[in-house]
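The next block is data.pdb, given as PDB, C-alpha atoms.
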MODEL        1
ATOM      1  CA  MET B 205       7.539  -7.900   9.733  1.00  0.00           C
ATOM      2  CA  ASN B 206       8.726  -4.307   9.889  1.00  0.00           C
ATOM      3  CA  GLU B 207       6.674  -1.329  11.065  1.00  0.00           C
ATOM      4  CA  ILE B 208       5.666  -0.222   7.557  1.00  0.00           C
ATOM      5  CA  GLN B 209       4.462  -3.741   6.654  1.00  0.00           C
ATOM      6  CA  SER B 210       2.556  -3.972   9.926  1.00  0.00           C
ATOM      7  CA  LYS B 211       0.737  -0.660   9.392  1.00  0.00           C
ATOM      8  CA  ILE B 212      -0.212  -1.611   5.822  1.00  0.00           C
ATOM      9  CA  LYS B 213      -1.401  -5.075   6.820  1.00  0.00           C
ATOM     10  CA  THR B 214      -3.495  -3.628   9.672  1.00  0.00           C
ATOM     11  CA  PHE B 215      -5.139  -1.164   7.281  1.00  0.00           C
ATOM     12  CA  LEU B 216      -5.824  -3.813   4.620  1.00  0.00           C
ATOM     13  CA  SER B 217      -7.162  -6.336   7.135  1.00  0.00           C
ATOM     14  CA  LYS B 218     -10.075  -3.989   7.869  1.00  0.00           C
ATOM     15  CA  PHE B 219     -11.279  -4.596   4.314  1.00  0.00           C
ATOM     16  CA  PHE B 220     -10.260  -8.224   3.741  1.00  0.00           C
ATOM     17  CA  GLY B 221     -12.228  -9.837   6.546  1.00  0.00           C
ATOM     18  CA  ASN B 222     -10.871 -13.175   7.700  1.00  0.00           C
ATOM     19  CA  HIS B 223      -8.332 -13.509   4.884  1.00  0.00           C
ATOM     20  CA  ASP B 224      -4.784 -13.665   6.324  1.00  0.00           C
ATOM     21  CA  LEU B 225      -3.100 -11.505   3.710  1.00  0.00           C
ATOM     22  CA  GLN B 226       0.519 -12.407   3.027  1.00  0.00           C
ATOM     23  CA  SER B 227       3.152  -9.805   2.143  1.00  0.00           C
ATOM     24  CA  ASP B 228       3.529 -11.077  -1.417  1.00  0.00           C
ATOM     25  CA  GLU B 229      -0.145 -11.728  -2.255  1.00  0.00           C
ATOM     26  CA  ASP B 230      -1.603  -9.722  -5.129  1.00  0.00           C
ATOM     27  CA  ILE B 231      -4.567  -7.805  -3.692  1.00  0.00           C
ATOM     28  CA  PHE B 232      -5.863  -7.016  -7.194  1.00  0.00           C
ATOM     29  CA  ALA B 233      -5.817 -10.685  -8.257  1.00  0.00           C
ATOM     30  CA  LEU B 234      -7.639 -11.633  -5.050  1.00  0.00           C
ATOM     31  CA  GLY B 235     -10.523  -9.401  -6.133  1.00  0.00           C
ATOM     32  CA  PHE B 236     -10.505  -7.217  -3.031  1.00  0.00           C
ATOM     33  CA  VAL B 237      -9.769  -3.951  -4.823  1.00  0.00           C
ATOM     34  CA  ASN B 238     -12.146  -1.691  -6.685  1.00  0.00           C
ATOM     35  CA  SER B 239     -11.498   1.886  -7.815  1.00  0.00           C
ATOM     36  CA  MET B 240     -12.911   3.397  -4.606  1.00  0.00           C
ATOM     37  CA  PHE B 241     -10.728   1.179  -2.434  1.00  0.00           C
ATOM     38  CA  ALA B 242      -7.680   2.007  -4.566  1.00  0.00           C
ATOM     39  CA  MET B 243      -8.221   5.703  -3.792  1.00  0.00           C
ATOM     40  CA  GLN B 244      -8.611   4.926  -0.083  1.00  0.00           C
ATOM     41  CA  LEU B 245      -5.342   3.008  -0.192  1.00  0.00           C
ATOM     42  CA  VAL B 246      -3.516   5.926  -1.842  1.00  0.00           C
ATOM     43  CA  LEU B 247      -4.914   8.351   0.743  1.00  0.00           C
ATOM     44  CA  PHE B 248      -3.949   6.019   3.605  1.00  0.00           C
ATOM     45  CA  VAL B 249      -0.366   5.749   2.328  1.00  0.00           C
ATOM     46  CA  GLU B 250      -0.061   9.523   1.897  1.00  0.00           C
ATOM     47  CA  GLN B 251      -1.472  10.342   5.314  1.00  0.00           C
ATOM     48  CA  GLU B 252       0.088   7.533   7.341  1.00  0.00           C
ATOM     49  CA  PHE B 253       3.596   7.920   5.932  1.00  0.00           C
ATOM     50  CA  GLN B 254       3.542  11.674   5.185  1.00  0.00           C
ATOM     51  CA  ILE B 255       4.447  11.278   1.512  1.00  0.00           C
ATOM     52  CA  ALA B 256       2.917  12.517  -1.724  1.00  0.00           C
ATOM     53  CA  ILE B 257       1.899   9.923  -4.285  1.00  0.00           C
ATOM     54  CA  GLU B 258       2.562  11.495  -7.671  1.00  0.00           C
ATOM     55  CA  ASN B 259       0.920  10.546 -10.968  1.00  0.00           C
ATOM     56  CA  GLU B 260       4.003   8.547 -11.975  1.00  0.00           C
ATOM     57  CA  ASP B 261       3.637   6.481  -8.767  1.00  0.00           C
ATOM     58  CA  LEU B 262       0.087   5.396  -9.657  1.00  0.00           C
ATOM     59  CA  GLU B 263       1.018   2.107 -11.278  1.00  0.00           C
ATOM     60  CA  PHE B 264      -0.499  -1.250 -10.289  1.00  0.00           C
ATOM     61  CA  GLU B 265       2.955  -2.626  -9.570  1.00  0.00           C
ATOM     62  CA  ASN B 266       3.414  -0.119  -6.729  1.00  0.00           C
ATOM     63  CA  PHE B 267       0.186  -1.159  -5.003  1.00  0.00           C
ATOM     64  CA  ARG B 268      -0.211  -4.843  -5.907  1.00  0.00           C
ATOM     65  CA  THR B 269       1.239  -6.371  -2.701  1.00  0.00           C
ATOM     66  CA  ILE B 270       2.234  -5.306   0.797  1.00  0.00           C
ATOM     67  CA  ASN B 271       5.865  -5.718  -0.271  1.00  0.00           C
ATOM     68  CA  SER B 272       5.425  -3.453  -3.305  1.00  0.00           C
ATOM     69  CA  LEU B 273       3.766  -0.812  -1.111  1.00  0.00           C
ATOM     70  CA  VAL B 274       6.667  -1.014   1.344  1.00  0.00           C
ATOM     71  CA  ASN B 275       9.125  -0.545  -1.532  1.00  0.00           C
ATOM     72  CA  LEU B 276       7.207   2.497  -2.782  1.00  0.00           C
ATOM     73  CA  ILE B 277       7.069   4.063   0.690  1.00  0.00           C
ATOM     74  CA  GLU B 278      10.757   3.404   1.324  1.00  0.00           C
ATOM     75  CA  ARG B 279      11.685   4.964  -2.037  1.00  0.00           C
ATOM     76  CA  LYS B 280       9.525   8.023  -1.371  1.00  0.00           C
ATOM     77  CA  THR B 281      10.794   8.530   2.184  1.00  0.00           C
ATOM     78  CA  ALA B 282      14.406   8.103   1.065  1.00  0.00           C
ATOM     79  CA  ILE B 283      13.895  10.972  -1.380  1.00  0.00           C
ATOM     80  CA  LEU B 284      12.570  13.166   1.461  1.00  0.00           C
ATOM     81  CA  VAL B 285      15.638  12.462   3.610  1.00  0.00           C
ATOM     82  CA  GLN B 286      18.125  13.553   0.932  1.00  0.00           C
TER      83      GLN B 286
ENDMDL
END
Could the structure of this file be written out as structure tokens, please?
Amino acid sequence: MNEIQSKIKTFLSKFFGNHDLQSDEDIFALGFVNSMFAMQLVLFVEQEFQIAIENEDLEFENFRTINSLVNLIERKTAILVQ
């Protein structure tokens, strides 16, 4: 597990209790996400990884799993480096 995955999993585990969330599990399908939590997740990603989540980034596919979040963060940070 890389550092980005680890940070995301640590954040999510605060809300998911004893569930051992896997990197490819759909957090929406598991029923853990409501609109308030979705906003908290966006804010966490922006603050923790120093990126801006734009309107076009706000798609379920970008936030559905730990892996999809990692992909989003890596795409956004790659843009900052260029």
**Q.** Contacts of segment 241-250 of chain B within 10 Å, all atoms listed in the file, excl. fewer than 4 positions in-chain, as a PyMOL selection string
**A.** chain B and resi 208+211-212+215-216+219+232+236-237+254-257+261-262+264+267+273-274+276-277
Q) Counting only C-alpha atoms, which of B:Lys280, B:Asn275, B:Ser239, B:Ile270 gets nearest to Ser217 of chain B? A) B:Ile270
Q: May I ask for the distance between atom CA of Glu252 of chain B and atom CA of Asn222 of chain B, given in Å to one decimal place?
A: 23.4 Å
Q | Top pick for closest residue to Gly235 of chain B, considering B:Arg268, B:Glu260, B:Phe253, B:Thr214 and counting all atoms listed in the file | A |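 Looking at the shortest contact to Gly235 of chain B, the residue is B:Arg268.
Atom CA of Gln209 of chain B lies 7.3 Å from atom CA of Asn271 of chain B.
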**Q.** Length of the atom CA of Leu225 of chain B to atom CA of Ser210 of chain B vector [Å]
**A.**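 Separating atom CA of Leu225 of chain B from atom CA of Ser210 of chain B is a distance of 11.3 Å.
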Q: List the neighbours of Lys213 of chain B out to 10 Å using only C-alpha atoms; skip same-chain residues closer than 6 positions along the sequence, and give me the result as a list in words.
A: Met205, Glu207, Phe220, Asp224, Leu225, Gln226, Ser227, Thr269 and Ile270 of chain B
